[in-house]
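Visitor: The structure is given below, and queries will be raised subsequently.
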Amino acid sequence: MTRTLQIPTARVFQPLLQPSRYKGAHGGRGSGKSHFFAENLIKDHMLHSGLRSVCIREHQKSLKESAKKLIEDKLAKFGLGEADGFKVFKEVIETPGDGLIIFQGMKDHTAESIKSLEGFGRAWVEEAQTLSKQSLKLLRPTIRAEGSELWFSWNPRREEDPVDKLLRSDETPTDAIVVKADYSDNPWLPKELEQERLDCMRTDPDQYSHIWEGDYVSVIEGAYYADQLREAERQGRIGRVARDPHMQIRAVWDIGVSDSMTIWIAQYIGREIRVLDYCEGQGQPLGYYLNWLRSNGYQDALCVLPHDGAKRDAVSAVKFSDHIQEAGFETKTIPNQGKGAAMKRVEASRKRFPMIWFNKDTTEAGRKALGWYHAKLDEARGADLGPEHDWSSHGADSFGLLCVDYEEPGGVLDFEYEETDWVV
Ligand SMILES: Nc1ncnc2c1ncn2[C@@H]1O[C@H](COP(=O)(O)OP(=O)(O)OP(=O)(O)O)[C@@H](O)[C@H]1O
Ligand SMILES: [Mg+2]
């Protein structure tokens, strides 16, 4: 017996009904993205016997966080059960013709383990704004079965997030269909959500366009330097800042060999900190950064390093700072600031901010990190749990080190160092 299933689809998602290698739906809260993909997945499993699909999140601590419940609810709504080939198990859903839907966190995958997904015909990434570059890099070539599709649903945060770069930049992959959906495109928007939307517009207007209209975040809650950056902009301290050819250049590092590495270039001139440049990389060898310094005219820079610059390489027993010195740079290591070091850097930075000038064109990526760097907030009590460790912390850490390193003219040292070298 053949069954005909009627699945009404909101107009905004209709372009996604045709086959396509990449499908994306981004937009604000309550636009129907999750419901659309859940229904579409069931439809594909009915049409393609034996299809295997994986529902993915970057982090998935338990199945509760997955799309499993939503898919189960949809199966119930459509009246699809064992007689139709769908069977819900604790961790997976069996689908017609020995097909399967599974639920996984990308963070748990390695280059080896991801191979288990070869042969899967659909990969649906929910909350794709949190998908890391590495996860995307692993996932794309893995989903390689004939006619396979990669689906992404997300509420955008930043233009630089990997999924936005993949599907919303000038260089989208071949055969990609991407739609933007908002609450106003959802014919089934519950009245409770509509009320939430109106309340948000009234009580949280700063966040409204991000939450409900799918705009990139402009104001982030708990951001440490939001006011300071606004003030710098207002006072014209973000503009054209020239390098003084007679003054020392400092290159202040945050070291992450397998993680992100960041460098701020600055000069201290009187009571001004002139921030001239910023460099950030991921997974690059040290030589990449040394080349960047040289090719930008910072070959004489004093490299200011955090305390882990004095750590020895596990394999070669050579200190990171030695490598930099061998390349011909002078180094200075800032001692470990002990407990609460991150917050000490935040305090130092806030204090120094009014004397900081940024060269606009070359420091944009760094200023974006500073604007994003924010407190992890305890949702229940609103308490500040210290800085959130994310993509922005690397740029913020080296910036903080720069501010800790700066000494007021006249030699007033108002930050406690564990040790100080005195030159008599
Ligand atoms: N196809 C549909 N059939 C029935 N109800 C729907 C459908 N699409 C959306 N809805 C209703 O609209 C609500 C919002 O949809 P959904 O959760 O899919 O939005 P979303 O874009 O994923 O939002 P969020 O950003 O909050 O994850 C759902 O909770 C549901 O009540
Ligand atoms: Mg959703």
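Ordered as shown in the structure tokens, chains take letters A, B, and onward, while each chain numbers its residues from 1 and ligands are numbered from 1 in the order shown.
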What residues of the protein or nucleic acid chains come within 8 Å of ligand 2 when you use only C-alpha atoms and all ligand atoms? Reply as an NGL selection string.
Guide: :A and (29-35 or 126-127 or 153-154)
Visitor: Please provide the set of residues having any atom within 8 Å of Ile220 in chain A, restricted to only C-alpha atoms, with same-chain residues fewer than 6 positions apart removed, written as a list of chain:residue names.
Guide: A:Gly371, A:Trp372, A:His374
Visitor: Please provide the set of residues having any atom within 10 Å of Ile71 in chain A, restricted to only C-alpha atoms, with same-chain residues fewer than 5 positions apart removed, written as a list in words.
Guide: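 My reading of the contact set: Ser34, His35, Phe37, Ala38, Glu39, Leu41, Ile42, Ser66, Ala76, Lys77, Val88, Ile93 and Ile101 of chain A.
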Visitor: Compile the contact shell of range 347-361 of chain A as number ranges by chain: residues with an atom at most 6 Å away, counting only C-alpha atoms, same-chain residues fewer than 5 positions apart removed.
Guide: A: 237-241, 272-276, 400, 403-404
Visitor: Enumerate as number ranges by chain all residues of range 272-320 of chain A assigned to alpha helix (DSSP H) by DSSP on the backbone, naming them with the chain letters and numbers the document uses.
Guide: A: 286-295, 320
Visitor: Hey, what's within 7 Å of Tyr373 in chain A if we count only C-alpha atoms and toss same-chain stuff fewer than 4 positions away? As a ChimeraX atom specification, please?
Guide: /A:223-224,369,392-393,396
Visitor: Kindly export the residues of the current selection with N, CA and C atoms, as a PDB file, in the first residue's frame.
Guide:
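This went into part.pdb:
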ATOM      1  N   ALA A 223      29.976  41.980  27.554  1.00  0.00           N
ATOM      2  CA  ALA A 223      31.222  42.278  26.822  1.00  0.00           C
ATOM      3  C   ALA A 223      32.098  43.204  27.674  1.00  0.00           C
ATOM      4  N   TYR A 224      33.374  42.816  27.819  1.00  0.00           N
ATOM      5  CA  TYR A 224      34.254  43.569  28.722  1.00  0.00           C
ATOM      6  C   TYR A 224      34.632  44.956  28.183  1.00  0.00           C
ATOM      7  N   ALA A 369      37.509  40.903  17.976  1.00  0.00           N
ATOM      8  CA  ALA A 369      37.698  39.969  19.096  1.00  0.00           C
ATOM      9  C   ALA A 369      37.493  40.707  20.424  1.00  0.00           C
ATOM     10  N   SER A 392      37.447  34.537  20.577  1.00  0.00           N
ATOM     11  CA  SER A 392      37.900  35.903  20.832  1.00  0.00           C
ATOM     12  C   SER A 392      38.937  35.980  21.944  1.00  0.00           C
ATOM     13  N   SER A 393      39.058  34.914  22.761  1.00  0.00           N
ATOM     14  CA  SER A 393      39.943  35.019  23.927  1.00  0.00           C
ATOM     15  C   SER A 393      41.410  35.177  23.545  1.00  0.00           C
ATOM     16  N   ALA A 396      42.050  38.747  22.770  1.00  0.00           N
ATOM     17  CA  ALA A 396      41.865  39.528  23.990  1.00  0.00           C
ATOM     18  C   ALA A 396      43.007  39.267  24.976  1.00  0.00           C
TER      19      ALA A 396
END
Visitor: What's the 12 Å shell around Pro19 in chain A, counting only C-alpha atoms, without same-chain residues fewer than 2 positions away, as a list in words?
Guide: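 Non-adjacent residues within range: Gln14, Pro15, Leu16, Leu17, Arg21, Tyr22, Lys23, Asn40, Asp44, Gly121, Arg122, Glu146, Gly147, Ser148, Glu149, Leu150, Trp151, Asp175, Ala176 and Ile177 of chain A.
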Visitor: Taking only C-alpha atoms and all ligand atoms into account, name the residue in A:Gln337, A:Ser398, A:Ser116, A:Ser184 that is nearest to ligand 1.
Guide: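 For ligand 1, the nearest of the given residues is A:Ser184.
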